[in-house]
Amino acid sequence: MFKPKPLKAPYDAYAPQISKDIMEVHYEKHYAGYINNLNNALSQYPNFFSCSISQILEEIEEVPEDIRTAVRNNGGGAINHEILWETLSTDRTKIHEGTLKQVVEKNFENWEKFIQQFKDAALKLFGSGWVWLTLDPNNKTLKILPMPNQDSPHMMKLFPLFGIDVWEHAYYLQYKNVRKEYIENFLKIIDWVAVEKRLLSVI
Ligand code: MN3
């Protein structure tokens, strides 16, 4: 069985960028629900519990057809939020000067261009989904990747470094329909040190 991963800080620690109410509902209802539904689906095929969620998603075609959609949606929902909890900061870290910045500059020319492209993609994504910064482990290139629903970059054998959740549940309680303001504020509380740690784990 998969267990929910804890947040790094209390629900109110991410305000004012993300309100306590959003963090609480997002964690306790949405995220916990994905974990629960994933466990329920996999309980018919308990061998999968010896794999990590990312391994299961990388080989999603190996998952029996009767539970594949449930695993895709809820396994994606589980791991996507785990990456979010890992890469959100309560201490307002600055852009890191090390490897992450160098790799971003190599792929996007400069940090500002990367941020602008990321914001544009997050604003443009239609409906529910996420926009990710991914690393291709084969050629070590970065890509800004919009994905619908809870689809995970792991399904495309890409490694997600961090992402923004643009489902309305992630911002509507606080920002209503003003997704642009949510995106701006969200980017102020990314833990770039944690993002760099993820990068260093695969390069
Ligand atoms: Mn969400």
# chains A, B, ... in the order shown; residues from 1 in each chain; ligands from 1
call {"tool": "residues_around", "arguments": {"residues": "Leu199 of chain A", "least_positions_apart": "3", "cutoff": "8 Å", "atoms": "only C-alpha atoms", "output": "short mmCIF file (atom, residue, chain, number, x, y, z; two decimals) with C-alpha atoms, in the first residue's frame"}}
result
data_model
loop_
_atom_site.label_atom_id
_atom_site.label_comp_id
_atom_site.auth_asym_id
_atom_site.auth_seq_id
_atom_site.Cartn_x
_atom_site.Cartn_y
_atom_site.Cartn_z
CA LEU A 100 20.18 24.08 -12.08
CA LEU A 135 14.55 16.32 -17.98
CA LEU A 161 11.79 18.40 -11.97
CA VAL A 195 14.36 21.29 -7.74
CA GLU A 196 18.12 21.20 -8.18
CA VAL A 202 19.29 12.05 -12.58
CA ILE A 203 22.24 13.72 -14.31
#
call {"tool": "residues_around", "arguments": {"residues": "Gln150 of chain A", "least_positions_apart": "3", "cutoff": "9 Å", "atoms": "only C-alpha atoms", "output": "PyMOL selection string"}}
result
chain A and resi 72-78+80+128-130+147
call {"tool": "write_last_selection", "arguments": {"atoms": "all heavy atoms", "output": "mmCIF file, in the first residue's frame"}}
result
data_model
loop_
_atom_site.group_PDB
_atom_site.id
_atom_site.type_symbol
_atom_site.label_atom_id
_atom_site.label_comp_id
_atom_site.auth_asym_id
_atom_site.auth_seq_id
_atom_site.Cartn_x
_atom_site.Cartn_y
_atom_site.Cartn_z
ATOM 1 N N ARG A 72 -3.439 5.211 -14.034
ATOM 2 C CA ARG A 72 -2.909 6.385 -14.735
ATOM 3 C C ARG A 72 -3.379 7.676 -14.041
ATOM 4 O O ARG A 72 -2.585 8.568 -13.753
ATOM 5 C CB ARG A 72 -3.410 6.338 -16.180
ATOM 6 C CG ARG A 72 -3.061 7.542 -17.009
ATOM 7 C CD ARG A 72 -3.592 7.317 -18.419
ATOM 8 N NE ARG A 72 -3.367 8.475 -19.254
ATOM 9 C CZ ARG A 72 -3.495 8.473 -20.579
ATOM 10 N NH1 ARG A 72 -3.850 7.373 -21.213
ATOM 11 N NH2 ARG A 72 -3.267 9.566 -21.269
ATOM 12 N N ASN A 73 -4.674 7.759 -13.748
ATOM 13 C CA ASN A 73 -5.227 8.973 -13.139
ATOM 14 C C ASN A 73 -4.797 9.146 -11.684
ATOM 15 O O ASN A 73 -4.390 10.231 -11.274
ATOM 16 C CB ASN A 73 -6.754 8.952 -13.196
ATOM 17 C CG ASN A 73 -7.273 9.116 -14.623
ATOM 18 O OD1 ASN A 73 -6.562 9.593 -15.498
ATOM 19 N ND2 ASN A 73 -8.502 8.692 -14.856
ATOM 20 N N ASN A 74 -4.901 8.077 -10.909
ATOM 21 C CA ASN A 74 -4.640 8.210 -9.469
ATOM 22 C C ASN A 74 -3.169 8.048 -9.119
ATOM 23 O O ASN A 74 -2.681 8.703 -8.190
ATOM 24 C CB ASN A 74 -5.507 7.220 -8.692
ATOM 25 C CG ASN A 74 -6.978 7.584 -8.830
ATOM 26 O OD1 ASN A 74 -7.421 8.591 -8.296
ATOM 27 N ND2 ASN A 74 -7.727 6.784 -9.587
ATOM 28 N N GLY A 75 -2.446 7.211 -9.861
ATOM 29 C CA GLY A 75 -0.993 7.138 -9.674
ATOM 30 C C GLY A 75 -0.361 8.459 -10.084
ATOM 31 O O GLY A 75 0.514 9.002 -9.395
ATOM 32 N N GLY A 76 -0.824 9.005 -11.204
ATOM 33 C CA GLY A 76 -0.349 10.330 -11.625
ATOM 34 C C GLY A 76 -0.710 11.377 -10.588
ATOM 35 O O GLY A 76 0.130 12.188 -10.178
ATOM 36 N N GLY A 77 -1.959 11.352 -10.128
ATOM 37 C CA GLY A 77 -2.394 12.318 -9.115
ATOM 38 C C GLY A 77 -1.548 12.230 -7.853
ATOM 39 O O GLY A 77 -1.205 13.241 -7.240
ATOM 40 N N ALA A 78 -1.191 11.027 -7.473
ATOM 41 C CA ALA A 78 -0.382 10.842 -6.259
ATOM 42 C C ALA A 78 1.018 11.405 -6.461
ATOM 43 O O ALA A 78 1.474 12.262 -5.710
ATOM 44 C CB ALA A 78 -0.317 9.354 -5.901
ATOM 45 N N ASN A 80 2.299 13.349 -8.828
ATOM 46 C CA ASN A 80 2.373 14.767 -9.208
ATOM 47 C C ASN A 80 2.331 15.656 -7.966
ATOM 48 O O ASN A 80 3.094 16.614 -7.840
ATOM 49 C CB ASN A 80 1.215 15.136 -10.143
ATOM 50 C CG ASN A 80 1.363 14.510 -11.517
ATOM 51 O OD1 ASN A 80 2.433 14.045 -11.883
ATOM 52 N ND2 ASN A 80 0.271 14.496 -12.283
ATOM 53 N N SER A 128 -8.010 21.169 -17.222
ATOM 54 C CA SER A 128 -7.252 20.742 -16.049
ATOM 55 C C SER A 128 -5.969 20.049 -16.460
ATOM 56 O O SER A 128 -5.946 19.286 -17.424
ATOM 57 C CB SER A 128 -8.085 19.767 -15.216
ATOM 58 O OG SER A 128 -9.231 20.426 -14.728
ATOM 59 N N GLY A 129 -4.918 20.310 -15.721
ATOM 60 C CA GLY A 129 -3.647 19.661 -16.021
ATOM 61 C C GLY A 129 -2.510 20.320 -15.285
ATOM 62 O O GLY A 129 -2.720 21.075 -14.343
ATOM 63 N N TRP A 130 -1.308 19.986 -15.736
ATOM 64 C CA TRP A 130 -0.090 20.494 -15.126
ATOM 65 C C TRP A 130 0.847 20.960 -16.232
ATOM 66 O O TRP A 130 0.793 20.444 -17.355
ATOM 67 C CB TRP A 130 0.638 19.393 -14.358
ATOM 68 C CG TRP A 130 -0.062 18.839 -13.148
ATOM 69 C CD1 TRP A 130 -1.221 18.105 -13.129
ATOM 70 C CD2 TRP A 130 0.368 18.956 -11.783
ATOM 71 N NE1 TRP A 130 -1.525 17.763 -11.826
ATOM 72 C CE2 TRP A 130 -0.570 18.267 -10.981
ATOM 73 C CE3 TRP A 130 1.467 19.566 -11.162
ATOM 74 C CZ2 TRP A 130 -0.447 18.172 -9.591
ATOM 75 C CZ3 TRP A 130 1.581 19.473 -9.778
ATOM 76 C CH2 TRP A 130 0.634 18.789 -9.011
ATOM 77 N N MET A 147 0.794 18.815 -19.589
ATOM 78 C CA MET A 147 0.172 17.489 -19.594
ATOM 79 C C MET A 147 -1.270 17.630 -19.122
ATOM 80 O O MET A 147 -1.535 18.327 -18.147
ATOM 81 C CB MET A 147 0.899 16.528 -18.645
ATOM 82 C CG MET A 147 2.355 16.237 -18.977
ATOM 83 S SD MET A 147 2.581 15.088 -20.358
ATOM 84 C CE MET A 147 2.333 13.501 -19.570
#
call {"tool": "residues_near_ligand", "arguments": {"ligand": "ligand 1", "cutoff": "7 Å", "atoms": "only C-alpha atoms and all ligand atoms", "output": "number ranges by chain"}}
result
A: 26, 30-31, 81, 165, 167, 169-170
call {"tool": "residues_around", "arguments": {"residues": "Tyr171 of chain A", "least_positions_apart": "2", "cutoff": "12 Å", "atoms": "only C-alpha atoms", "output": "ChimeraX atom specification"}}
result
/A:17-23,25-26,128,164-169,173-186
call {"tool": "residues_around", "arguments": {"residues": "Leu84 of chain A", "least_positions_apart": "4", "cutoff": "7 Å", "atoms": "only C-alpha atoms", "output": "list in words"}}
result
Asn80, Leu88, Phe162 and Gly163 of chain A
call {"tool": "atom_distance", "arguments": {"atom1": "atom CA of Gln102 of chain A", "atom2": "atom CA of Phe118 of chain A"}}
result
17.0 Å
call {"tool": "closest_residue", "arguments": {"among": "A:Ala15, A:Ile53, A:Ile83, A:Ile95", "to": "Val71 of chain A", "atoms": "only C-alpha atoms"}}
result
A:Ile53
call {"tool": "residues_around", "arguments": {"residues": "Ala9 of chain A", "least_positions_apart": "4", "cutoff": "12 Å", "atoms": "only C-alpha atoms", "output": "list in words"}}
result
Lys5, Ala13, Tyr14, Ala15, Lys20, Met23, Glu24, Tyr27, Trp85, Glu86, Thr87, Leu88, Ser89, Thr90 and Asp91 of chain A
call {"tool": "write_last_selection", "arguments": {"atoms": "N, CA and C atoms", "output": "tab-separated table (two decimals), in the first residue's frame"}}
result
chain	number	residue	atom	x	y	z
A	5	LYS	N	2.72	11.09	1.48
A	5	LYS	CA	3.97	11.69	1.96
A	5	LYS	C	3.63	13.00	2.67
A	13	ALA	N	1.82	27.68	6.21
A	13	ALA	CA	3.18	28.18	5.98
A	13	ALA	C	3.41	28.66	4.54
A	14	TYR	N	2.48	28.36	3.64
A	14	TYR	CA	2.68	28.70	2.23
A	14	TYR	C	1.96	29.99	1.84
A	15	ALA	N	1.27	30.57	2.81
A	15	ALA	CA	0.58	31.85	2.58
A	15	ALA	C	1.60	32.98	2.63
A	20	LYS	N	-4.00	28.82	3.45
A	20	LYS	CA	-4.12	27.64	4.31
A	20	LYS	C	-5.28	26.75	3.85
A	23	MET	N	-4.26	24.71	0.82
A	23	MET	CA	-3.31	23.65	1.16
A	23	MET	C	-4.01	22.49	1.87
A	24	GLU	N	-4.90	22.84	2.76
A	24	GLU	CA	-5.57	21.82	3.55
A	24	GLU	C	-6.48	20.92	2.69
A	27	TYR	N	-4.35	18.88	0.14
A	27	TYR	CA	-3.63	17.74	0.72
A	27	TYR	C	-4.60	16.67	1.23
A	85	TRP	N	4.66	18.88	-3.30
A	85	TRP	CA	4.98	19.09	-1.87
A	85	TRP	C	6.48	19.20	-1.67
A	86	GLU	N	7.22	18.42	-2.44
A	86	GLU	CA	8.69	18.39	-2.28
A	86	GLU	C	9.34	19.70	-2.76
A	87	THR	N	8.73	20.34	-3.74
A	87	THR	CA	9.40	21.48	-4.38
A	87	THR	C	8.76	22.82	-4.02
A	88	LEU	N	7.82	22.82	-3.08
A	88	LEU	CA	7.29	24.09	-2.59
A	88	LEU	C	8.11	24.52	-1.39
A	89	SER	N	8.36	25.81	-1.31
A	89	SER	CA	9.20	26.32	-0.24
A	89	SER	C	8.42	27.21	0.71
A	90	THR	N	8.76	27.12	1.98
A	90	THR	CA	8.17	28.07	2.93
A	90	THR	C	9.19	29.13	3.31
A	91	ASP	N	10.41	29.00	2.81
A	91	ASP	CA	11.41	29.98	3.21
A	91	ASP	C	11.85	30.87	2.04
call {"tool": "closest_residue", "arguments": {"among": "A:Lys188, A:Lys113, A:Lys124, A:Lys3", "to": "Ser52 of chain A", "atoms": "only C-alpha atoms"}}
result
A:Lys3
call {"tool": "select_by_dssp", "arguments": {"residues": "segment 99-144 of chain A", "states": "helix (DSSP H, G or I)", "output": "list in words"}}
result
Thr99, Leu100, Lys101, Gln102, Val103, Val104, Glu105, Lys106, Asn107, Phe108, Trp111, Glu112, Lys113, Phe114, Ile115, Gln116, Gln117, Phe118, Lys119, Asp120, Ala121, Ala122, Leu123 and Lys124 of chain A
call {"tool": "residues_around", "arguments": {"residues": "Leu145 of chain A", "least_positions_apart": "3", "cutoff": "12 Å", "atoms": "only C-alpha atoms", "output": "ChimeraX atom specification"}}
result
/A:117-122,124-125,129-136,142,148,151-154,156,158-164
call {"tool": "residues_around", "arguments": {"residues": "Gln55 of chain A", "least_positions_apart": "5", "cutoff": "10 Å", "atoms": "only C-alpha atoms", "output": "ChimeraX atom specification"}}
result
/A:48,50,60,154-155,157
call {"tool": "select_by_dssp", "arguments": {"residues": "segment 69-171 of chain A", "states": "strand (DSSP E)", "output": "PyMOL selection string"}}
result
chain A and resi 129-135+142-148+159-165
